[in-house]
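Heads up, coords.txt below (compact mmCIF, C-alpha atoms):
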```txt
# COMPACT_ATOMS: atom_id res chain seq x y z
CA MET A 231 -1.17 24.69 -0.49
CA THR A 232 -2.01 21.46 -2.32
CA LEU A 233 -0.62 17.97 -1.85
CA GLY A 234 2.04 17.33 -4.48
CA PRO A 235 2.79 14.14 -6.40
CA VAL A 236 5.94 12.98 -4.55
CA MET A 237 5.99 10.65 -1.55
CA LEU A 238 9.41 10.29 0.06
CA ASP A 239 11.09 9.00 3.20
CA ILE A 240 12.99 10.43 6.15
CA GLU A 241 16.20 9.22 7.72
CA GLY A 242 15.51 8.60 11.40
CA THR A 243 13.07 8.58 14.30
CA ALA A 244 12.64 12.37 14.40
CA LEU A 245 12.61 15.09 11.77
CA THR A 246 15.82 16.91 10.95
CA PRO A 247 15.90 20.53 9.74
CA GLU A 248 16.60 19.18 6.24
CA ASP A 249 13.53 16.90 6.48
CA ARG A 250 11.32 19.80 7.50
CA GLU A 251 12.48 21.99 4.65
CA LEU A 252 11.94 19.31 2.04
CA LEU A 253 8.56 18.18 3.39
CA ARG A 254 7.26 21.73 3.20
CA HIS A 255 7.89 21.83 -0.55
CA PRO A 256 4.54 22.03 -2.38
CA ASN A 257 5.49 19.14 -4.67
CA VAL A 258 5.61 16.74 -1.70
CA GLY A 259 2.35 15.02 -0.84
CA GLY A 260 3.32 12.34 1.62
CA VAL A 261 5.88 10.49 3.69
CA ILE A 262 6.51 6.74 3.75
CA LEU A 263 7.97 5.35 6.96
CA PHE A 264 10.28 2.36 7.37
CA ALA A 265 11.51 0.23 10.27
CA ARG A 266 14.40 2.66 10.84
CA ASN A 267 11.86 5.36 11.66
CA TYR A 268 10.34 3.36 14.51
CA GLU A 269 11.34 2.82 18.14
CA SER A 270 8.05 2.65 20.03
CA PRO A 271 4.40 3.64 19.68
CA GLU A 272 5.05 6.78 21.75
CA GLN A 273 7.96 7.86 19.55
CA LEU A 274 5.88 7.16 16.43
CA ARG A 275 3.02 9.31 17.70
CA ARG A 276 5.44 12.18 18.30
CA LEU A 277 6.86 11.80 14.81
CA THR A 278 3.49 11.67 13.05
CA ARG A 279 2.24 14.70 15.00
CA GLU A 280 5.32 16.62 13.92
CA ILE A 281 4.88 15.64 10.28
CA HIS A 282 1.18 16.49 10.26
CA ALA A 283 1.88 19.87 11.87
CA LEU A 284 4.25 20.96 9.09
CA ARG A 285 1.59 22.16 6.66
CA HIS A 286 -2.05 22.25 5.66
CA PRO A 287 -3.53 20.17 4.21
CA GLU A 288 -1.59 17.61 6.20
CA LEU A 289 0.84 15.31 4.42
CA VAL A 290 -0.31 11.70 4.07
CA ILE A 291 1.80 9.37 6.22
CA ALA A 292 2.09 5.83 4.86
CA VAL A 293 3.84 2.56 5.66
CA ASP A 294 3.99 -1.04 4.43
CA GLN A 295 2.28 -2.94 7.26
CA GLU A 296 0.78 -5.92 5.46
CA GLY A 297 1.48 -8.59 8.07
CA GLY A 298 3.86 -11.54 7.92
CA ARG A 299 7.33 -10.57 6.80
CA VAL A 300 6.24 -7.11 5.61
CA GLN A 301 5.46 -5.37 8.89
CA ARG A 302 7.69 -2.33 9.47
CA PHE A 303 6.54 -1.67 13.03
CA ARG A 304 6.77 -4.68 15.33
CA THR A 305 7.46 -4.04 19.03
CA GLY A 306 4.27 -2.61 20.45
CA PHE A 307 2.18 -3.75 17.47
CA THR A 308 0.27 -7.01 17.15
CA PRO A 309 2.11 -9.47 14.86
CA LEU A 310 -0.14 -10.33 11.93
CA PRO A 311 0.04 -13.62 10.02
CA PRO A 312 1.14 -13.72 6.38
CA MET A 313 -1.93 -13.43 4.18
CA HIS A 314 -1.18 -16.82 2.62
CA MET A 315 -2.17 -18.40 5.94
CA LEU A 316 -5.59 -16.81 5.66
CA GLY A 317 -5.87 -18.32 2.20
CA ARG A 318 -5.07 -21.77 3.59
CA GLN A 319 -7.67 -21.30 6.29
CA TYR A 320 -10.16 -20.23 3.60
CA ASP A 321 -9.80 -23.64 1.98
CA MET A 322 -10.69 -25.32 5.29
CA ASP A 323 -13.21 -22.94 6.84
CA ARG A 324 -14.33 -20.12 4.57
CA GLU A 325 -16.36 -18.07 7.05
CA GLN A 326 -13.69 -18.25 9.74
CA ALA A 327 -11.02 -17.11 7.28
CA LEU A 328 -13.15 -14.19 6.11
CA GLN A 329 -13.81 -13.06 9.67
CA LEU A 330 -10.11 -13.39 10.49
CA ALA A 331 -9.24 -11.29 7.42
CA GLN A 332 -11.57 -8.57 8.67
CA ASN A 333 -10.04 -8.76 12.16
CA CYS A 334 -6.53 -8.47 10.68
CA GLY A 335 -7.47 -5.48 8.55
CA TRP A 336 -9.14 -3.70 11.45
CA LEU A 337 -6.33 -4.46 13.90
CA MET A 338 -3.59 -3.36 11.52
CA ALA A 339 -5.38 -0.13 10.64
CA ALA A 340 -6.57 0.68 14.17
CA GLU A 341 -3.08 0.33 15.63
CA LEU A 342 -1.60 2.51 12.91
CA ARG A 343 -4.33 5.14 13.24
CA ALA A 344 -3.75 5.22 17.00
CA ALA A 345 -0.14 6.14 16.21
CA GLY A 346 -1.14 8.83 13.70
CA VAL A 347 -0.33 6.90 10.50
CA ASP A 348 -2.85 7.55 7.72
CA LEU A 349 -2.30 4.70 5.32
CA SER A 350 -0.85 1.23 4.87
CA PHE A 351 -0.09 -0.01 1.36
CA ALA A 352 -2.36 -3.03 1.67
CA PRO A 353 -3.85 -5.42 0.76
CA VAL A 354 -1.69 -7.38 -1.68
CA LEU A 355 -3.90 -8.53 -4.57
CA ASP A 356 -1.29 -10.56 -6.47
CA LEU A 357 -2.19 -14.18 -7.18
CA ASP A 358 -0.08 -16.95 -5.68
CA TYR A 359 1.25 -18.89 -8.67
CA GLY A 360 4.14 -20.28 -6.60
CA LEU A 361 6.63 -18.43 -8.82
CA SER A 362 7.48 -15.11 -7.18
CA GLU A 363 9.64 -15.20 -4.08
CA VAL A 364 9.16 -11.48 -3.44
CA ILE A 365 5.38 -12.03 -3.34
CA GLY A 366 5.25 -15.57 -1.97
CA ASP A 367 3.27 -15.78 1.26
CA ARG A 368 2.20 -12.14 0.96
CA ALA A 369 -0.53 -13.30 -1.48
CA PHE A 370 -3.86 -14.55 -0.15
CA HIS A 371 -4.54 -17.29 -2.70
CA ARG A 372 -4.21 -18.54 -6.27
CA ASP A 373 -7.94 -18.20 -7.00
CA PRO A 374 -8.84 -14.59 -7.93
CA GLU A 375 -12.31 -14.91 -6.43
CA ALA A 376 -10.83 -16.07 -3.11
CA VAL A 377 -8.35 -13.21 -3.19
CA ALA A 378 -11.15 -10.72 -3.78
CA ARG A 379 -13.27 -12.12 -0.94
CA LEU A 380 -10.43 -12.22 1.59
CA ALA A 381 -9.00 -8.87 0.56
CA GLY A 382 -12.49 -7.38 0.54
CA ARG A 383 -13.01 -8.34 4.17
CA PHE A 384 -9.51 -7.08 5.04
CA MET A 385 -10.46 -3.79 3.36
CA ALA A 386 -13.72 -3.67 5.31
CA GLY A 387 -11.78 -3.98 8.55
CA MET A 388 -9.41 -1.21 7.49
CA HIS A 389 -12.33 1.02 6.58
CA ASP A 390 -14.02 0.42 9.94
CA ALA A 391 -10.81 1.61 11.63
CA GLY A 392 -10.66 4.80 9.56
CA MET A 393 -8.14 3.79 6.90
CA ALA A 394 -8.43 3.63 3.12
CA SER A 395 -7.05 0.65 1.19
CA VAL A 396 -4.39 0.47 -1.54
CA GLY A 397 -4.28 -2.73 -3.62
CA LYS A 398 -0.98 -3.84 -5.12
CA HIS A 399 0.75 -4.61 -7.49
CA PHE A 400 -1.42 -3.90 -10.56
CA PRO A 401 -2.01 -5.71 -12.87
CA GLY A 402 -0.25 -8.57 -11.04
CA HIS A 403 3.27 -9.43 -9.88
CA GLY A 404 2.65 -13.10 -9.10
CA GLY A 405 3.37 -14.47 -12.58
CA VAL A 406 7.09 -13.61 -12.71
CA VAL A 407 10.10 -15.03 -10.89
CA ALA A 408 12.35 -11.96 -10.84
CA ASP A 409 12.15 -9.48 -7.96
CA SER A 410 11.58 -5.95 -9.24
CA HIS A 411 13.69 -4.59 -6.38
CA HIS A 412 16.70 -6.06 -8.19
CA ALA A 413 15.68 -6.47 -11.86
CA LEU A 414 12.95 -5.61 -14.35
CA PRO A 415 10.72 -8.71 -14.55
CA GLU A 416 9.12 -9.67 -17.86
CA ASP A 417 5.74 -11.38 -17.97
CA ARG A 418 5.16 -12.98 -21.39
CA ARG A 419 1.53 -13.93 -20.88
CA GLY A 420 -1.15 -12.66 -23.21
CA TYR A 421 -4.09 -10.44 -22.30
CA SER A 422 -6.58 -13.26 -21.71
CA GLU A 423 -4.13 -14.94 -19.34
CA LEU A 424 -3.86 -11.76 -17.27
CA LEU A 425 -7.58 -11.32 -16.74
CA ASP A 426 -7.46 -13.52 -13.63
CA ASP A 427 -4.76 -11.25 -12.16
CA MET A 428 -6.94 -8.20 -12.73
CA ARG A 429 -10.14 -9.82 -11.45
CA PRO A 430 -9.56 -8.87 -7.77
CA TYR A 431 -9.13 -5.23 -8.82
CA GLU A 432 -12.30 -5.37 -10.89
CA LEU A 433 -14.30 -6.69 -7.95
CA LEU A 434 -12.75 -4.50 -5.25
CA ILE A 435 -12.93 -1.25 -7.21
CA ALA A 436 -16.69 -1.77 -7.11
CA GLU A 437 -16.36 -2.12 -3.31
CA GLY A 438 -14.48 1.15 -2.86
CA LEU A 439 -10.79 0.37 -3.33
CA ALA A 440 -9.27 3.82 -2.83
CA GLY A 441 -5.75 3.36 -4.19
CA VAL A 442 -3.69 1.12 -6.46
CA MET A 443 0.06 0.61 -6.54
CA VAL A 444 1.43 -0.44 -9.93
CA ALA A 445 3.98 -3.19 -10.60
CA HIS A 446 7.45 -2.62 -11.99
CA VAL A 447 6.83 -5.45 -14.47
CA VAL A 448 6.81 -5.33 -18.27
CA TYR A 449 4.05 -7.38 -19.93
CA SER A 450 5.88 -7.70 -23.20
CA ARG A 451 3.08 -9.08 -25.37
CA LEU A 452 0.94 -6.04 -24.56
CA ASP A 453 3.19 -3.00 -24.05
CA ARG A 454 6.95 -2.45 -24.16
CA MET A 455 6.68 -0.19 -21.10
CA PRO A 456 6.45 -1.56 -17.54
CA ALA A 457 2.96 -1.13 -16.14
CA GLY A 458 3.87 1.78 -13.89
CA PHE A 459 5.08 3.77 -16.90
CA SER A 460 2.41 2.65 -19.38
CA ARG A 461 -0.44 4.89 -20.51
CA TRP A 462 -2.18 1.79 -21.81
CA TRP A 463 -2.16 0.01 -18.45
CA LEU A 464 -2.95 3.06 -16.34
CA ARG A 465 -5.36 4.97 -18.53
CA THR A 466 -6.93 2.43 -20.88
CA GLU A 467 -7.12 -0.57 -18.55
CA LEU A 468 -7.27 0.87 -15.04
CA ARG A 469 -9.09 4.16 -15.58
CA VAL A 470 -11.34 3.28 -18.54
CA ARG A 471 -12.03 -0.47 -18.53
CA LEU A 472 -11.96 -0.97 -14.76
CA ARG A 473 -13.42 2.51 -14.05
CA PHE A 474 -10.98 3.20 -11.24
CA GLN A 475 -11.27 6.74 -9.86
CA GLY A 476 -8.88 6.50 -6.90
CA ALA A 477 -5.20 7.32 -6.48
CA ILE A 478 -2.55 5.53 -8.57
CA PHE A 479 0.85 5.10 -6.90
CA SER A 480 4.07 4.13 -8.59
CA ASP A 481 6.14 1.53 -6.81
CA ASP A 482 9.43 2.90 -5.48
CA LEU A 483 11.27 4.60 -8.35
CA SER A 484 14.58 3.75 -6.67
CA MET A 485 14.05 0.05 -7.40
CA ALA A 486 15.99 -1.65 -10.17
CA GLY A 487 12.73 -2.35 -11.99
CA ALA A 488 12.46 1.38 -12.74
CA ALA A 489 16.07 1.94 -13.81
CA PHE A 490 15.34 1.46 -17.52
CA ALA A 491 13.81 4.95 -17.59
CA GLY A 492 17.06 6.70 -16.73
CA THR A 493 17.60 9.20 -13.94
CA PRO A 494 15.14 9.49 -11.03
CA VAL A 495 13.89 12.74 -12.54
CA ALA A 496 13.22 11.00 -15.86
CA ARG A 497 11.52 8.09 -14.10
CA ALA A 498 9.20 10.39 -12.18
CA ALA A 499 8.29 12.41 -15.27
CA LEU A 500 7.50 9.26 -17.25
CA ALA A 501 5.38 7.73 -14.46
CA LEU A 502 3.38 10.91 -13.93
CA GLU A 503 2.84 11.38 -17.67
CA ALA A 504 1.60 7.79 -17.93
CA GLY A 505 -1.05 8.43 -15.29
CA CYS A 506 0.37 7.99 -11.79
CA ASP A 507 -0.97 10.44 -9.23
CA VAL A 508 1.89 9.87 -6.77
CA VAL A 509 5.47 8.69 -7.30
CA LEU A 510 7.48 7.12 -4.49
CA VAL A 511 11.18 7.96 -4.23
CA CYS A 512 12.71 6.11 -1.29
CA ASN A 513 16.12 5.59 0.30
CA ASP A 514 17.83 8.15 -1.93
CA ARG A 515 17.54 11.68 -0.54
CA PRO A 516 19.43 13.42 -3.39
CA ALA A 517 17.13 11.71 -5.90
CA ALA A 518 14.02 12.69 -3.95
CA ALA A 519 15.14 16.31 -3.72
CA ALA A 520 15.95 16.38 -7.43
CA VAL A 521 12.54 14.98 -8.37
CA VAL A 522 10.74 17.48 -6.15
CA GLU A 523 12.63 20.42 -7.66
CA SER A 524 12.25 19.14 -11.24
CA LEU A 525 8.46 19.34 -11.18
CA GLY A 526 8.30 23.14 -10.97
CA ASP A 527 4.84 24.54 -10.24
CA TRP A 528 3.13 21.17 -10.46
CA TYR A 529 -0.63 21.32 -10.04
CA GLU A 530 -3.03 18.47 -10.75
CA PRO A 531 -6.28 19.13 -8.88
CA ALA A 532 -7.63 15.61 -9.46
CA SER A 533 -4.48 14.01 -8.08
CA HIS A 534 -4.53 16.35 -5.09
CA LEU A 535 -8.12 15.37 -4.33
CA ARG A 536 -7.41 11.64 -4.72
CA LEU A 537 -4.50 11.85 -2.30
CA THR A 538 -6.44 13.99 0.18
CA ARG A 539 -9.11 11.28 0.34
CA LEU A 540 -6.49 8.81 1.61
CA ARG A 541 -5.87 10.66 4.86
CA GLY A 542 -6.93 8.72 7.92
CA ARG A 543 -10.42 9.29 9.27
CA GLY A 544 -11.41 9.71 12.89
CA GLY A 545 -9.27 10.57 15.85
CA ALA A 546 -5.99 8.72 16.30
CA VAL A 547 -6.66 7.85 19.95
CA ALA A 548 -4.33 5.72 22.06
CA PRO A 549 -4.05 3.44 23.87
CA LEU A 550 -6.24 0.89 22.12
CA GLU A 551 -5.67 -1.77 24.78
CA GLY A 552 -8.67 -0.52 26.75
CA SER A 553 -10.98 -1.20 23.81
CA ALA A 554 -13.07 -4.38 23.85
CA GLN A 555 -12.94 -4.49 20.05
CA TRP A 556 -9.13 -4.36 20.13
CA ARG A 557 -8.98 -7.20 22.68
CA ARG A 558 -11.34 -9.39 20.65
CA ALA A 559 -9.46 -8.82 17.40
CA ALA A 560 -6.00 -9.22 18.97
CA ASP A 561 -7.06 -12.42 20.76
CA ALA A 562 -8.46 -13.89 17.55
CA VAL A 563 -5.25 -13.15 15.63
CA ARG A 564 -3.02 -14.47 18.43
CA GLU A 565 -5.03 -17.66 18.77
CA PHE A 566 -4.86 -18.21 15.03
CA GLU A 567 -1.10 -17.74 15.11
CA GLU A 568 -0.88 -20.25 17.97
CA GLY A 569 -2.90 -22.80 16.02
CA ARG A 570 -6.17 -22.39 17.94
CA PRO A 571 -8.27 -20.25 15.61
CA ARG A 572 -11.77 -19.30 16.62
CA LEU A 573 -14.49 -17.25 14.97
CA VAL A 574 -15.14 -13.83 16.45
CA LEU A 575 -18.75 -12.88 15.83
CA GLU A 576 -19.98 -9.32 15.62
CA GLY A 577 -20.97 -8.11 19.09
CA ASP A 578 -19.65 -11.10 21.08
```
In structure tokens, what does this structure look like?
Amino acid sequence: MTLGPVMLDIEGTALTPEDRELLRHPNVGGVILFARNYESPEQLRRLTREIHALRHPELVIAVDQEGGRVQRFRTGFTPLPPMHMLGRQYDMDREQALQLAQNCGWLMAAELRAAGVDLSFAPVLDLDYGLSEVIGDRAFHRDPEAVARLAGRFMAGMHDAGMASVGKHFPGHGGVVADSHHALPEDRRGYSELLDDMRPYELLIAEGLAGVMVAHVVYSRLDRMPAGFSRWWLRTELRVRLRFQGAIFSDDLSMAGAAFAGTPVARAALALEAGCDVVLVCNDRPAAAAVVESLGDWYEPASHLRLTRLRGRGGAVAPLEGSAQWRRAADAVREFEEGRPRLVLEGD
């Protein structure tokens, strides 16, 4: 069996018979978890083991665990600062901020891997123009070079913990005010004005960025289609110009920013035709089931391989608290949050 192109959610903290049946469908490739799916690290480990045991190859289990206000699992996990705070620290002490970014990436990924989660949709690569409330303090910085450096070290920490990285939201969500959860934002900037937004992707693809999530934003001077449904953005810009060979994820097709395309089935078909490898359908079980059934005998070997490469590496061993590396990283993050940041050097 291959991994299919649909990533969907489940209702609660354990699988229901309906969940099991749907997740065994060959057109499903992964599961995204939310706060409602979490009670404790022990419960999460039971859930991820059950999901992984359903089929082979194992489904990819993902979550949004960026830090700051986007951290689905909290009790039992180390609170991470919003990435904007790392950007502020970068302006004051560059090396300390870079080391802290690596600590945050490692800590986030190590704690998730210990619970059996394969993937976090991170880091955010949007630029902080001070316009977008939905991005806001999730962005590292306004300067694309600073974003690339900080996100690159965050990625390095994730990689060291056995987790691939997924940059979002391509080509950039920071230049619009509207929230694509509730509307379809329009960015009226021209191509040359968007090059800064794409610069972090250009730099991090060369460093091994494994996945990209695409924005539900229409860049009206360049293409009438939102980026996640645009062959030009996904194939010409991302695949050809930027030479990206990893997995392309749609943002959630249940969001208002995707509603222009019609039914969930129509949205999924359009996103996959444009070049997405995986479409997310969240918080709407009938829609998810309809999308899965609509795809028939879907088989895209390249997409299957790209998604397979995003499974977590190494054993998901718990508890981490006995690890010296975990203590050093957690102490550094806690001290930063308390206003007493210090630099953690390799091997100290």
- Item | Separation of atom CA of Pro415 of chain A from atom CA of Ser395 of chain A, in Å and rounded to one decimal |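 Rounded to one decimal, the two atoms are 25.5 Å apart.
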- Compile the contact shell of Leu433 of chain A as a PyMOL selection string: residues with an atom at most 9 Å away, counting only C-alpha atoms, same-chain residues fewer than 3 positions apart removed. chain A and resi 375+378-379+382+428-430+436-437
C-alpha atoms of the current selection, written as a compact mmCIF listing (two decimals), in the coordinates of the input:
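Dumped everything to part-v5.txt:
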```txt
# COMPACT_ATOMS: atom_id res chain seq x y z
CA GLU A 375 -12.31 -14.91 -6.43
CA ALA A 378 -11.15 -10.72 -3.78
CA ARG A 379 -13.27 -12.12 -0.94
CA GLY A 382 -12.49 -7.38 0.54
CA MET A 428 -6.94 -8.20 -12.73
CA ARG A 429 -10.14 -9.82 -11.45
CA PRO A 430 -9.56 -8.87 -7.77
CA ALA A 436 -16.69 -1.77 -7.11
CA GLU A 437 -16.36 -2.12 -3.31
```
All file atoms of segment 385-394 of chain A boxed axis-aligned, 6 Å per side, centre plus edges, as AutoDock Vina command-line options:
```
--center_x -11.1 --center_y 0.4 --center_z 7.4 --size_x 17.9 --size_y 20.8 --size_z 20.5
```
- Query: Which residues, written as a list in words, have at least one atom at most 10 Å from Leu289 of chain A, with all atoms listed in the file counted and residues fewer than 5 positions away on the same chain left out?
  - Reply: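 Skipping anything fewer than 5 positions along the chain leaves Thr232, Leu233, Gly234, Met237, Leu253, Arg254, Val258, Gly259, Gly260, Val261, Thr278, Ile281, His282, Ala283, Leu284, Asp348, Leu537, Thr538 and Arg541 of chain A.
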- Separation of atom CA of Thr493 of chain A from atom CA of Ala457 of chain A, in Å and rounded to one decimal: 18.1 Å
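Candidate residues A:Trp336, A:Phe303, A:Phe474, A:Phe566 were compared for distance to Ala440 of chain A, and the nearest is A:Phe474, using all atoms listed in the file.
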- Two-atom distance - atom CA of Glu568 of chain A, atom CA of Asp294 of chain A (Å):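 Those two atoms sit 24.0 Å apart.
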- Using only C-alpha atoms, which residues sit within 10 Å of segment 344-347 of chain A once same-chain residues fewer than 4 positions away are excluded, as JSON, numbers by chain? {"A": [261, 262, 263, 270, 271, 272, 273, 274, 275, 276, 277, 278, 279, 281, 282, 290, 291, 292, 293, 339, 340, 391, 393, 541, 542, 544, 545, 546, 547, 548, 549, 550]}
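Proximity to Tyr431 of chain A was assessed for A:Asp356, A:Leu483, A:Val407, A:Ala477 counting only C-alpha atoms; the smallest distance is recorded for A:Asp356.
In this comparison, which uses all atoms listed in the file, the residue of A:Arg557, A:His534, A:His411, A:His403 approaching Pro287 of chain A most closely is A:His534.
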Residues within 12 Å of Met485 of chain A, all atoms listed in the file, excluding chain neighbours under 3 positions, as a PDB file with C-alpha atoms, keeping the file's coordinate frame:
```
ATOM      1  CA  ASP A 409      12.150  -9.480  -7.960  1.00  0.00           C
ATOM      2  CA  SER A 410      11.580  -5.950  -9.240  1.00  0.00           C
ATOM      3  CA  HIS A 411      13.690  -4.590  -6.380  1.00  0.00           C
ATOM      4  CA  HIS A 412      16.700  -6.060  -8.190  1.00  0.00           C
ATOM      5  CA  ALA A 413      15.680  -6.470 -11.860  1.00  0.00           C
ATOM      6  CA  LEU A 414      12.950  -5.610 -14.350  1.00  0.00           C
ATOM      7  CA  PRO A 415      10.720  -8.710 -14.550  1.00  0.00           C
ATOM      8  CA  ALA A 445       3.980  -3.190 -10.600  1.00  0.00           C
ATOM      9  CA  HIS A 446       7.450  -2.620 -11.990  1.00  0.00           C
ATOM     10  CA  VAL A 447       6.830  -5.450 -14.470  1.00  0.00           C
ATOM     11  CA  SER A 480       4.070   4.130  -8.590  1.00  0.00           C
ATOM     12  CA  ASP A 481       6.140   1.530  -6.810  1.00  0.00           C
ATOM     13  CA  ASP A 482       9.430   2.900  -5.480  1.00  0.00           C
ATOM     14  CA  ALA A 488      12.460   1.380 -12.740  1.00  0.00           C
ATOM     15  CA  ALA A 489      16.070   1.940 -13.810  1.00  0.00           C
ATOM     16  CA  PHE A 490      15.340   1.460 -17.520  1.00  0.00           C
ATOM     17  CA  ALA A 491      13.810   4.950 -17.590  1.00  0.00           C
ATOM     18  CA  GLY A 492      17.060   6.700 -16.730  1.00  0.00           C
ATOM     19  CA  THR A 493      17.600   9.200 -13.940  1.00  0.00           C
ATOM     20  CA  PRO A 494      15.140   9.490 -11.030  1.00  0.00           C
ATOM     21  CA  ARG A 497      11.520   8.090 -14.100  1.00  0.00           C
ATOM     22  CA  LEU A 510       7.480   7.120  -4.490  1.00  0.00           C
ATOM     23  CA  VAL A 511      11.180   7.960  -4.230  1.00  0.00           C
ATOM     24  CA  CYS A 512      12.710   6.110  -1.290  1.00  0.00           C
ATOM     25  CA  ASN A 513      16.120   5.590   0.300  1.00  0.00           C
ATOM     26  CA  ASP A 514      17.830   8.150  -1.930  1.00  0.00           C
TER      27      ASP A 514
END
```
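Distance annotation: of A:Phe459, A:Tyr449, A:Trp528, A:Tyr359, the residue with the minimal separation from Pro401 of chain A is A:Tyr449; atom set is all atoms listed in the file.
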- Identify the residues around (-2.1, 5.6, -17.0) within a radius of 12 Å, measuring from only C-alpha atoms in the coordinates stated by the file, and give them as a ChimeraX atom specification. /A:400,442-444,455-471,474-475,477-480,500-508
- Considering only C-alpha atoms, return as a ChimeraX atom specification whatever protein or nucleic-acid residues lie within 10 Å of Met338 of chain A, sequence-local ones (same chain, fewer than 2 positions apart) excluded. /A:295-297,301,307-310,332-336,340-343,350,352,384,387-388,391,393,559-560
Within 12 Å of segment 243-251 of chain A, which residues of segment 510-567 of chain A come that close, and what is the closest atom pair and distance in Å for each? Count all atoms listed in the file and give it as JSON lines.
```
{"residue": "A:Arg515", "atom": "CA", "partner": "A:Asp249", "partner_atom": "CA", "distance": 9.6}
{"residue": "A:Pro516", "atom": "CA", "partner": "A:Glu248", "partner_atom": "CA", "distance": 11.6}
{"residue": "A:Ala518", "atom": "CA", "partner": "A:Asp249", "partner_atom": "CA", "distance": 11.3}
{"residue": "A:Ala519", "atom": "CA", "partner": "A:Asp249", "partner_atom": "CA", "distance": 10.3}
{"residue": "A:Val522", "atom": "CA", "partner": "A:Glu251", "partner_atom": "CA", "distance": 11.8}
```
- Message: Considering all atoms listed in the file, can you say which of A:Glu523, A:Glu565, A:Asp323, A:Asp373 comes closest to Val236 of chain A?
- Response: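 Using all atoms listed in the file, Val236 of chain A sits closest to A:Glu523.
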